[in-house]
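Student: Coordinates in final34.pdb, PDB, C-alpha atoms, are listed below.
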ATOM      1  CA  MET A   1    -105.814  53.861 -64.807
ATOM      2  CA  ILE A   2    -102.512  52.045 -64.453
ATOM      3  CA  GLY A   3    -103.138  51.379 -60.755
ATOM      4  CA  ALA A   4    -106.553  49.891 -61.508
ATOM      5  CA  GLY A   5    -105.014  47.633 -64.124
ATOM      6  CA  LEU A   6    -102.359  46.493 -61.683
ATOM      7  CA  ALA A   7    -105.018  45.787 -59.052
ATOM      8  CA  CYS A   8    -106.739  43.456 -61.522
ATOM      9  CA  ILE A   9    -103.675  41.202 -61.539
ATOM     10  CA  ALA A  10    -105.222  39.682 -58.400
ATOM     11  CA  LEU A  11    -107.903  38.183 -60.645
ATOM     12  CA  VAL A  12    -105.264  36.195 -62.522
ATOM     13  CA  GLY A  13    -103.915  34.853 -59.246
ATOM     14  CA  ALA A  14    -107.410  33.919 -58.132
ATOM     15  CA  GLY A  15    -108.001  32.001 -61.349
ATOM     16  CA  ILE A  16    -104.764  30.085 -60.946
ATOM     17  CA  GLY A  17    -105.545  29.378 -57.289
ATOM     18  CA  ILE A  18    -109.034  28.092 -58.032
ATOM     19  CA  GLY A  19    -107.642  25.850 -60.755
ATOM     20  CA  ASN A  20    -105.096  24.460 -58.313
ATOM     21  CA  VAL A  21    -107.709  23.833 -55.635
ATOM     22  CA  PHE A  22    -110.100  21.955 -57.911
ATOM     23  CA  GLY A  23    -107.309  20.129 -59.744
ATOM     24  CA  SER A  24    -105.810  18.849 -56.511
ATOM     25  CA  TYR A  25    -109.214  17.806 -55.208
ATOM     26  CA  LEU A  26    -109.981  15.911 -58.403
ATOM     27  CA  GLU A  27    -106.590  14.210 -58.367
ATOM     28  CA  GLY A  28    -107.065  13.159 -54.745
ATOM     29  CA  ALA A  29    -110.624  11.993 -55.344
ATOM     30  CA  LEU A  30    -109.548   9.817 -58.257
ATOM     31  CA  ARG A  31    -106.738   8.274 -56.214
ATOM     32  CA  ASN A  32    -108.881   7.612 -53.141
ATOM     33  CA  PRO A  33    -112.624   7.881 -53.843
ATOM     34  CA  GLY A  34    -113.511   6.890 -50.282
ATOM     35  CA  ALA A  35    -111.876   9.992 -48.823
ATOM     36  CA  ALA A  36    -113.351  12.415 -51.357
ATOM     37  CA  ALA A  37    -116.489  13.116 -49.350
ATOM     38  CA  SER A  38    -114.515  14.124 -46.265
ATOM     39  CA  GLN A  39    -112.459  16.643 -48.264
ATOM     40  CA  THR A  40    -115.419  18.611 -49.611
ATOM     41  CA  THR A  41    -115.216  21.122 -46.752
ATOM     42  CA  ASN A  42    -111.558  21.809 -47.506
ATOM     43  CA  LEU A  43    -112.413  22.181 -51.187
ATOM     44  CA  LEU A  44    -115.071  24.801 -50.536
ATOM     45  CA  LEU A  45    -112.907  26.671 -48.040
ATOM     46  CA  GLY A  46    -110.008  26.838 -50.494
ATOM     47  CA  PHE A  47    -112.335  27.998 -53.260
ATOM     48  CA  ALA A  48    -113.826  30.714 -51.069
ATOM     49  CA  LEU A  49    -110.431  32.039 -50.002
ATOM     50  CA  CYS A  50    -109.131  32.166 -53.583
ATOM     51  CA  GLU A  51    -112.292  33.841 -54.818
ATOM     52  CA  ALA A  52    -112.210  36.399 -51.989
ATOM     53  CA  THR A  53    -108.666  37.393 -52.963
ATOM     54  CA  GLY A  54    -109.801  38.053 -56.534
ATOM     55  CA  LEU A  55    -112.839  40.006 -55.391
ATOM     56  CA  PHE A  56    -110.711  42.183 -53.112
ATOM     57  CA  GLY A  57    -108.497  43.049 -56.082
ATOM     58  CA  LEU A  58    -111.539  43.871 -58.196
ATOM     59  CA  VAL A  59    -113.012  46.083 -55.472
ATOM     60  CA  ILE A  60    -109.726  47.967 -55.145
ATOM     61  CA  ALA A  61    -109.640  48.477 -58.932
ATOM     62  CA  LEU A  62    -113.200  49.814 -58.937
ATOM     63  CA  ILE A  63    -112.436  52.128 -56.024
ATOM     64  CA  ILE A  64    -109.410  53.478 -57.891
ATOM     65  CA  LEU A  65    -111.459  54.050 -61.045
ATOM     66  CA  TYR A  66    -114.639  55.533 -59.651
ATOM     67  CA  ALA A  67    -113.870  57.121 -56.264
ATOM     68  CA  LYS A  68    -112.934  60.769 -56.479
TER      69      LYS A  68
END
Would you write out, as structure tokens, the structure that this file holds?

Tutor:
Amino acid sequence: MIGAGLACIALVGAGIGIGNVFGSYLEGALRNPGAAASQTTNLLLGFALCEATGLFGLVIALIILYAK
């Protein structure tokens, strides 16, 4: 149980990472609206990588809990 709880710490990191990605994109888009459209690919890539890290942690926690 403790190991599964520790594996879920990755979800906190994913939340912080996603907040950073979207916050930085919004800050950049407000400073230079003309370049915002060209940065959408980087935004989605950063979001996907942060989300994947959180999902990997969740999968590990579920494996620890339910695999015997």

Student: Using atom CA of Leu6 of chain A and atom CA of Gly19 of chain A as the two end points, give the distance in Å to one decimal.

Tutor: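 These two atoms are separated by 21.3 Å.
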
Student: Rank A:Leu62, A:Ala14, A:Met1, A:Ala29 by their smallest atom-to-atom distance to Leu43 of chain A, using all atoms listed in the file, and report the top residue only.

Tutor: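 Comparing A:Leu62, A:Ala14, A:Met1, A:Ala29 against Leu43 of chain A, the winner is A:Ala29.
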
Student: Got a sec to resolve the PyMOL selection byres ((chain A and resi 56) around 12) on this structure and send the residues as a PDB file with C-alpha atoms, in the coordinates of the input?

Tutor:
ATOM      1  CA  ALA A   7    -105.018  45.787 -59.052  1.00  0.00           C
ATOM      2  CA  CYS A   8    -106.739  43.456 -61.522  1.00  0.00           C
ATOM      3  CA  ILE A   9    -103.675  41.202 -61.539  1.00  0.00           C
ATOM      4  CA  ALA A  10    -105.222  39.682 -58.400  1.00  0.00           C
ATOM      5  CA  LEU A  11    -107.903  38.183 -60.645  1.00  0.00           C
ATOM      6  CA  GLY A  13    -103.915  34.853 -59.246  1.00  0.00           C
ATOM      7  CA  ALA A  14    -107.410  33.919 -58.132  1.00  0.00           C
ATOM      8  CA  LEU A  49    -110.431  32.039 -50.002  1.00  0.00           C
ATOM      9  CA  CYS A  50    -109.131  32.166 -53.583  1.00  0.00           C
ATOM     10  CA  GLU A  51    -112.292  33.841 -54.818  1.00  0.00           C
ATOM     11  CA  ALA A  52    -112.210  36.399 -51.989  1.00  0.00           C
ATOM     12  CA  THR A  53    -108.666  37.393 -52.963  1.00  0.00           C
ATOM     13  CA  GLY A  54    -109.801  38.053 -56.534  1.00  0.00           C
ATOM     14  CA  LEU A  55    -112.839  40.006 -55.391  1.00  0.00           C
ATOM     15  CA  GLY A  57    -108.497  43.049 -56.082  1.00  0.00           C
ATOM     16  CA  LEU A  58    -111.539  43.871 -58.196  1.00  0.00           C
ATOM     17  CA  VAL A  59    -113.012  46.083 -55.472  1.00  0.00           C
ATOM     18  CA  ILE A  60    -109.726  47.967 -55.145  1.00  0.00           C
ATOM     19  CA  ALA A  61    -109.640  48.477 -58.932  1.00  0.00           C
ATOM     20  CA  LEU A  62    -113.200  49.814 -58.937  1.00  0.00           C
ATOM     21  CA  ILE A  63    -112.436  52.128 -56.024  1.00  0.00           C
TER      22      ILE A  63
END

Student: Here is a test: counting all atoms listed in the file, which residue of A:Pro33, A:Ala4, A:Tyr25, A:Ile64 is nearest to Leu45 of chain A?

Tutor: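 Distance minimum relative to Leu45 of chain A lands on A:Tyr25.
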
Student: So how many Å separate atom CA of Ile16 of chain A and atom CA of Ala67 of chain A, to one decimal?

Tutor: 28.9 Å

Student: Between atom CA of Gly15 of chain A and atom CA of Ala36 of chain A, what is the spacing in Å?

Tutor: 22.6 Å

Student: Report the centre and edge lengths, in Å to one decimal, of an axis-aligned box enclosing every atom of segment 31-43 of chain A listed in the file, padded by 5 Å on each side, as lines of an AutoDock Vina configuration file.

Tutor:
center_x = -111.6
center_y = 14.5
center_z = -51.2
size_x = 19.8
size_y = 25.3
size_z = 19.9

Student: May I ask which of the residues A:Val12, A:Gly17, A:Ile2, A:Gly28 is the closest one to Gly46 of chain A, counting only C-alpha atoms?

Tutor: A:Gly17
